[in-house]
Each structure stands twice: as structure tokens, then as C-alpha cells.
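J.: Take a look at the following structure, please.
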Amino acid sequence: MSESAPSIGSVAAVPKDALPWPLLRAISRIADAPLSAIAELLREAIHPYTGGDALVIFTEECTGRPQKKAGDADVIDRVSIAELQQLRASLSSAGPWSGEAQIAGRSRHIHALTYQPSKALLVITYPDAPEAGVQQSRNLELVPYLWELAARRIQEKVKDAPPSYLLESRAASAERLRVTSELVDLHSTTLETLLAALRSPSLDDPAARATVTDVAAKALVELRTHNDRTAELIEEPVATAFQRLREDLRPLTRFSGIDVQFIEPPLNGRALPGEVAIAARAVVRGLLLAMMEQPEVRRVRTQWDCDGENLLINVRDDGKGGLSADAPNIGRLDRRVQALDGRMEIDLMPGWGADISVTLPLDPPAAPGDVSAWNLAARELEVLQLLAAGQRNRNIASALNISENTVKFHVRNLFRKLQVASRTEAIALAHSHGLR
């Protein structure tokens with residue numbers, strides 16, 4: 001006689017007190033969490049079992065908000081992307097890891113693990129290294145399960161994000177790229193200065209060592225304070241911004257043997273938005289270095305001016321006009337200018353030198369409008385952005401690593417969704433919504 005399955009009514013009821021209701025409710029909230037709350041909800045679920053003073057999630061899927069944090073302000077306000085990237089790179093596997101790591105400016109005891117499908121990183125920090133008994137009392141086995149649930153939720157939310165969120169994320173990524181580029185430009189200048197001092201025939205060994213030590217110390221202080229200063233400089237007087245440029249370049253011009261002339265901007269010129277001031281200094285530094293690499297150059301002049309709506313920059317050398325407008329370093333500077341809706345004009349005069357003019361609008365580009373009503377897929381939005389930037393199908397295909405036929409397919413879909421009949425109309429509509 002075969003056994004029959006028990007009926008539903010015969011299954012013994014689970015005692016209510018036997019279920020971990022707080023944990024089950026926490027799991028339910030994580031599974032339905034918005035991106036902005038997921039770190040806080042994950043910490044609420046984990047903390048009763050693991051302790052810890054802060055929780056940090058690092059995921060590059062959310063380019064505009066790669067860090068999601070909850071807990072002690074001393075940790076979440078100071079932790080940096082560089083620290084999290086270094087920690088993630090040091091983890092040899094997806095398995096949990098506990099130990100000492102540099103987080104939020106100092107060595108801390110942490111528990112960390114990654115989510116392999118997205119390379120996301122979870123870090124739980126502790127104020128001090130735990131004693132053996134405390135370590136054993138922590139239920140860390142629960143962490144991988146809850147972390148995988150949260151990481152999957154992040155993937156789902158990013159996948160379903162509206163185009164407006166993607167635009168905001170890309171804008172934030174572009175700003176981080178500009179700040180990084182500023183640091184690269186600044187410290188490229190420092191390295192050039194160090195080399196110039198070491199090679200200078202006018203300095204003996206002790207003088208060269210003293211000069212290099214002074215320049216390196218100044219650069220180190222500048223590196224440590226750069227982020228704080230740029231965050232504070234929402235606006236900067238044009239004369240102050242120009243003076244900072246002179247100070248940054250003074251060591252290089254001192255040892256280069258090239259006469260660098262600075263023509264001051266008007267003292268009453270309109271204040272520069274922070275991003276314009278940063279870009280202006282970076283562009284002048286880049287142009288100056290490119291010109292000084294030419295062996296025949298003996299004099300370079302840089303001038304700033306304001307017309308009330310734009311910062312006007314002019315950099316000119318007395319070389320033979322051999323500077324290449326197609327050189328990668330010049331192209332990189334031109335793209336930086338274009339990112340601020342500016343323009344760069346290069347006039348190469350054989351036998352007379354190079355004359356480069358840059359115009360940077362003082363009012364930043366309009367923030368992208370809400371294009372969610374167009375119901376564009378992520379790839380269609382990327383194609384539209386490149387289309388609005390004036391790119392042809394071949395360039396779009398190359399930039400997105402897709403075929404030209406696929407680009408044409410997306411363009412046809414864009415025409416239908418935007419209810420336009422031509423590329424010109426699509427570009428005009430995109431520009432009216434802040435896409436450039």
C-alpha cells in the first residue's frame with residue numbers, strides 16, 4: 001500500500017515565535033528597495049548578526065552614485081573610491097575576507113566580499129579588531145546571502161532605470177573624469193618641473209636636490225588638498241583663478257629656459273564657475289606643455305579675458321608653426337573644451353608659430369531635460385547622444401562597438417519614438433532637451 005502525501009490541512013503549523021520575523025521582514029524590504037535606500041536596509045538586516053559601525057557598497061553599475069553607505073559618519077563621509085578600488089583589486093576571490101585595510105583614511109578592521117556578476121563590493125567596518133570571542137559570536141555566514149540579494153536588486157534597478165537616471169549618472173561620471181584630468185594635468189606639470197630642475201645646467205647637485213624637494217613637497221600638499229578645495233570653489237574670481245595658474249606653472253617656467261608671459265584678465269571680470277576655472281587652467285597647462293616640447297620655441301604668451309558671457313583664452317608661441325592640431329594631447333584638450341560647450345580655434349602659421357584661442361561659456365550647459373516620455377532603450381539613448389554630438393553612423397558604430405546597420409536600425413527607432421522625419425529634426429529635439 002503506497003503512502004499518500006499529507007493533505008495541506010494535516011501539515012503541522014510552524015509556531016509563530018519560531019520564525020525570525022525581523023530578518024524575514026528585512027529580506028522583504030531589501031528585495032523591494034529603491035537604490036537610494038538599499039545600503040541602509042542592508043545594514044539594518046545585517047547589523048544584529050554582525051555588528052560593525054558602517055557599511056559601504058561600491059558598484060560601478062551606478063556610475064553617478066558608485067558608493068552606497070550607511071552608519072558611522074566618520075567612515076561614510078571619508079571613504080574614497082580609490083580605497084574601495086584598491087581593496088576590491090586585492091581580494092583574490094568572491095569569498096568573504098576579514099582583516100585590516102585602509103578605509104576612510106586609516107587602517108580599520110573590515111569584513112568584505114564581492115558579487116562576481118557585477119564586481120560589486122561590500123565592506124563592513126569595525127572600530128577595532130575584535131577579540132576572539134567576539135569574532136566567533138558574529139554570524140557572518142548570513143552576510144553572503146543578504147549581500148547577494150542586495151547586489152541582485154541593484155542590478156535590477158539599474159537595468160530598469162529611466163533614461164533620465166542614466167543621463168544623470170553619465171553627467172556625474174563626466175565630472176569625476178574632469179577632476180581626475182585636472183589632477184593628471186597638474187602633476188604632469190610637476191614631473192616636468194622636476195625633470196627640468198634635474199637637467200638644468202645652472203644648478204649644482206645640492207641646489208637641484210633642494211629645488212626638487214621643495215617642488216615635490218608643494219605637489220604633495222596640493223594633492224592632499226585638491227579635492228577639498230575644488231569642492232569648495234563653486235565660483236572663483238577670474239583674477240584668483242589666473243593667479244593660481246601662474247603659481248602652478250611658475251616652477252616649470254623657472255627652469256624651462258622659455259620666456260612665458262602672462263597677460264592678466266580684468267580684475268572686475270565675472271567670476272568663473274568652478275568647473276570652468278578648473279578646465280581653463282588644465283587647457284592652458286596642456287597647451288603650454290605642448291608648445292614647450294617644440295625645440296624652436298623661445299617665448300609663449302597666455303592671456304585671459306572676459307566678455308561678460310565667456311572666458312576668452314589665448315595662447316601663442318614664437319615657434320615655426322609645427323604644432324600638430326591632430327596630436328592626441330591637443331585633441332584631448334579640444335574635447336574637454338567641447339564638454340563645456342566651448343570651442344577651440346587653432347591657427348598654425350608656418351615660420352611664425354601657433355596661435356590658439358579658446359572660448360568657454362561662463363554659464364554651464366543646461367542640465368539634460370527629462371526624456372523619459374520618449375521611452376528610449378539604453379542603447380537608443382546612447383545613439384541619440386552621439387547623434388546630437390554631430391557624429392555620423394560610422395563614428396557611432398565605432399564608439400559603441402556595433403555595426404553600421406545596427407546604428408541605422410536604432411536611428412529608425414529614434415525617428416519613430418521622437419516623431420521626427422530626419423536627423424536634423426532629431427538633433428534639434430535632442431538639443432532642446434539638453435543633450436549635446
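Labeling convention for the C-alpha cells: chains A, B, ... as they appear, residues from 1 per chain, ligands from 1 in order of appearance.
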Pick out the residues sitting within 9 Å of region 309-313 of chain A, and hand them over as a ChimeraX atom specification; count only C-alpha atoms, and ignore anything fewer than 2 positions along from it in its own chain.
T.: /A:238,270,272,276,280,284,302-307,315,342,356-363
J.: Only N, CA and C atoms, please: the residues just picked out, written as a short mmCIF file (atom, residue, chain, number, x, y, z; two decimals), in the first residue's frame.
T.:
```cif
data_model
loop_
_atom_site.label_atom_id
_atom_site.label_comp_id
_atom_site.auth_asym_id
_atom_site.auth_seq_id
_atom_site.Cartn_x
_atom_site.Cartn_y
_atom_site.Cartn_z
N VAL A 238 37.93 85.57 -11.42
CA VAL A 238 38.77 85.27 -12.57
C VAL A 238 40.23 85.61 -12.30
N ARG A 270 33.81 88.81 -14.64
CA ARG A 270 32.81 87.96 -13.98
C ARG A 270 33.48 86.73 -13.36
N LEU A 272 34.25 82.95 -12.25
CA LEU A 272 34.17 81.73 -13.05
C LEU A 272 33.52 80.61 -12.25
N VAL A 276 34.55 75.67 -14.87
CA VAL A 276 35.18 76.46 -15.93
C VAL A 276 36.60 76.85 -15.52
N ALA A 280 39.83 75.71 -17.54
CA ALA A 280 40.68 76.74 -18.15
C ALA A 280 42.14 76.54 -17.77
N VAL A 284 45.18 75.54 -20.48
CA VAL A 284 46.38 76.36 -20.65
C VAL A 284 47.63 75.54 -20.32
N THR A 302 50.35 83.73 -22.73
CA THR A 302 48.97 83.31 -22.46
C THR A 302 48.19 84.48 -21.88
N GLN A 303 46.99 84.61 -22.34
CA GLN A 303 46.15 85.74 -21.94
C GLN A 303 44.73 85.26 -21.68
N TRP A 304 44.12 85.79 -20.59
CA TRP A 304 42.71 85.55 -20.30
C TRP A 304 41.96 86.88 -20.39
N ASP A 305 40.71 86.80 -20.81
CA ASP A 305 39.85 87.98 -20.85
C ASP A 305 38.42 87.50 -20.66
N CYS A 306 37.52 88.43 -20.38
CA CYS A 306 36.10 88.11 -20.20
C CYS A 306 35.26 89.08 -21.02
N ASP A 307 34.20 88.57 -21.63
CA ASP A 307 33.28 89.45 -22.34
C ASP A 307 31.91 89.49 -21.66
N VAL A 315 46.59 81.50 -26.27
CA VAL A 315 47.95 81.02 -26.02
C VAL A 315 48.69 81.04 -27.35
N GLY A 342 32.25 74.81 -25.16
CA GLY A 342 33.20 75.80 -25.64
C GLY A 342 33.74 75.44 -27.01
N ILE A 356 46.45 79.91 -30.56
CA ILE A 356 45.29 79.10 -30.19
C ILE A 356 44.35 79.91 -29.32
N SER A 357 43.10 79.97 -29.71
CA SER A 357 42.07 80.70 -28.96
C SER A 357 41.03 79.72 -28.45
N VAL A 358 40.64 79.92 -27.20
CA VAL A 358 39.64 79.06 -26.56
C VAL A 358 38.55 79.95 -25.97
N THR A 359 37.31 79.58 -26.22
CA THR A 359 36.16 80.28 -25.65
C THR A 359 35.39 79.32 -24.77
N LEU A 360 35.23 79.67 -23.48
CA LEU A 360 34.50 78.83 -22.54
C LEU A 360 33.31 79.62 -21.99
N PRO A 361 32.09 79.17 -22.25
CA PRO A 361 30.92 79.86 -21.69
C PRO A 361 30.95 79.85 -20.17
N LEU A 362 30.60 80.98 -19.56
CA LEU A 362 30.59 81.07 -18.11
C LEU A 362 29.34 80.44 -17.51
N ASP A 363 28.29 80.34 -18.28
CA ASP A 363 27.10 79.63 -17.82
C ASP A 363 27.22 78.18 -18.26
#
```
J.: Would you mind listing what lies within 9 Å of region 116-130 of chain A as a PyMOL selection string, with only C-alpha atoms counted and same-chain residues fewer than 2 positions away left out?
T.: chain A and resi 43+50-61+75+84-85+87-88+93-94+99-100+103+108-114+132-135+147+151-152+155
J.: Would you put the residues from that selection into a file with C-alpha atoms, as an mmCIF file, in the first residue's frame?
T.:
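Output contents, as saved in again_2.cif:
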```cif
data_model
loop_
_atom_site.group_PDB
_atom_site.id
_atom_site.type_symbol
_atom_site.label_atom_id
_atom_site.label_comp_id
_atom_site.auth_asym_id
_atom_site.auth_seq_id
_atom_site.Cartn_x
_atom_site.Cartn_y
_atom_site.Cartn_z
ATOM 1 C CA ARG A 43 22.767 47.348 7.243
ATOM 2 C CA THR A 50 27.457 41.006 12.578
ATOM 3 C CA GLY A 51 27.789 44.327 14.381
ATOM 4 C CA GLY A 52 30.067 46.930 12.841
ATOM 5 C CA ASP A 53 29.979 50.707 12.741
ATOM 6 C CA ALA A 54 29.444 51.279 8.995
ATOM 7 C CA LEU A 55 28.509 49.523 5.767
ATOM 8 C CA VAL A 56 29.688 50.580 2.303
ATOM 9 C CA ILE A 57 28.635 49.245 -1.112
ATOM 10 C CA PHE A 58 30.794 50.039 -4.134
ATOM 11 C CA THR A 59 29.327 49.275 -7.549
ATOM 12 C CA GLU A 60 30.341 50.793 -10.882
ATOM 13 C CA GLU A 61 26.967 49.903 -12.391
ATOM 14 C CA VAL A 75 33.561 56.324 7.871
ATOM 15 C CA LEU A 84 37.475 50.787 -2.452
ATOM 16 C CA GLN A 85 39.014 50.072 -5.855
ATOM 17 C CA LEU A 87 40.529 46.818 -1.734
ATOM 18 C CA ARG A 88 38.478 45.126 -4.435
ATOM 19 C CA SER A 93 38.116 35.583 -4.744
ATOM 20 C CA ALA A 94 34.446 36.261 -4.204
ATOM 21 C CA GLY A 99 41.308 41.692 8.146
ATOM 22 C CA GLU A 100 42.932 45.121 8.242
ATOM 23 C CA ILE A 103 39.356 52.611 4.638
ATOM 24 C CA ARG A 108 40.435 49.576 10.030
ATOM 25 C CA HIS A 109 39.253 46.049 10.683
ATOM 26 C CA ILE A 110 36.764 45.077 7.990
ATOM 27 C CA HIS A 111 34.702 42.230 6.629
ATOM 28 C CA ALA A 112 34.453 42.349 2.821
ATOM 29 C CA LEU A 113 33.209 40.322 -0.106
ATOM 30 C CA THR A 114 32.392 40.864 -3.773
ATOM 31 C CA ALA A 132 38.395 36.015 19.541
ATOM 32 C CA GLY A 133 35.177 35.532 21.484
ATOM 33 C CA VAL A 134 33.509 38.499 19.809
ATOM 34 C CA GLN A 135 34.629 37.278 16.388
ATOM 35 C CA TRP A 147 24.629 40.658 0.090
ATOM 36 C CA ALA A 151 23.534 43.120 -5.272
ATOM 37 C CA ARG A 152 20.924 41.490 -7.495
ATOM 38 C CA GLN A 155 21.390 45.141 -10.952
#
```
J.: I need the residue nearest Glu247 (chain A) from this list: A:Ala339, A:Thr190, A:Lys320, A:Ile330. Use only C-alpha atoms for the distance.
T.: A:Thr190
J.: Given the choices A:Pro34, A:Gly390, A:Pro66, A:Pro48, which gets closest to Arg153 (chain A) if the distance is worked out from only C-alpha atoms?
T.: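 Going through A:Pro34, A:Gly390, A:Pro66, A:Pro48 one by one, the smallest distance to Arg153 (chain A) is for A:Pro34.
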J.: Please report, as a PyMOL selection string, each residue of region 227-330 of chain A to which DSSP assigns alpha helix (DSSP H) when run on this structure's backbone.
T.: chain A and resi 227-232+238-256+274-292+328-330
J.: May I have the residues within 12 Å of Arg392 (chain A) as a ChimeraX atom specification, using only C-alpha atoms and disregarding those fewer than 2 positions away in the same chain?
T.: /A:383-390,394-399,404,407-408,411,423,427
J.: Closest to Arg244 (chain A) among A:Asn268, A:Ala277, A:Lys218, A:Ala101, using only C-alpha atoms?
T.: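 Smallest distance to Arg244 (chain A) is found for A:Ala277.
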J.: Would you work out the distance separating CA of Lys417 (chain A) from CA of Lys157 (chain A), expressed in Å to one decimal?
T.: 23.4 Å
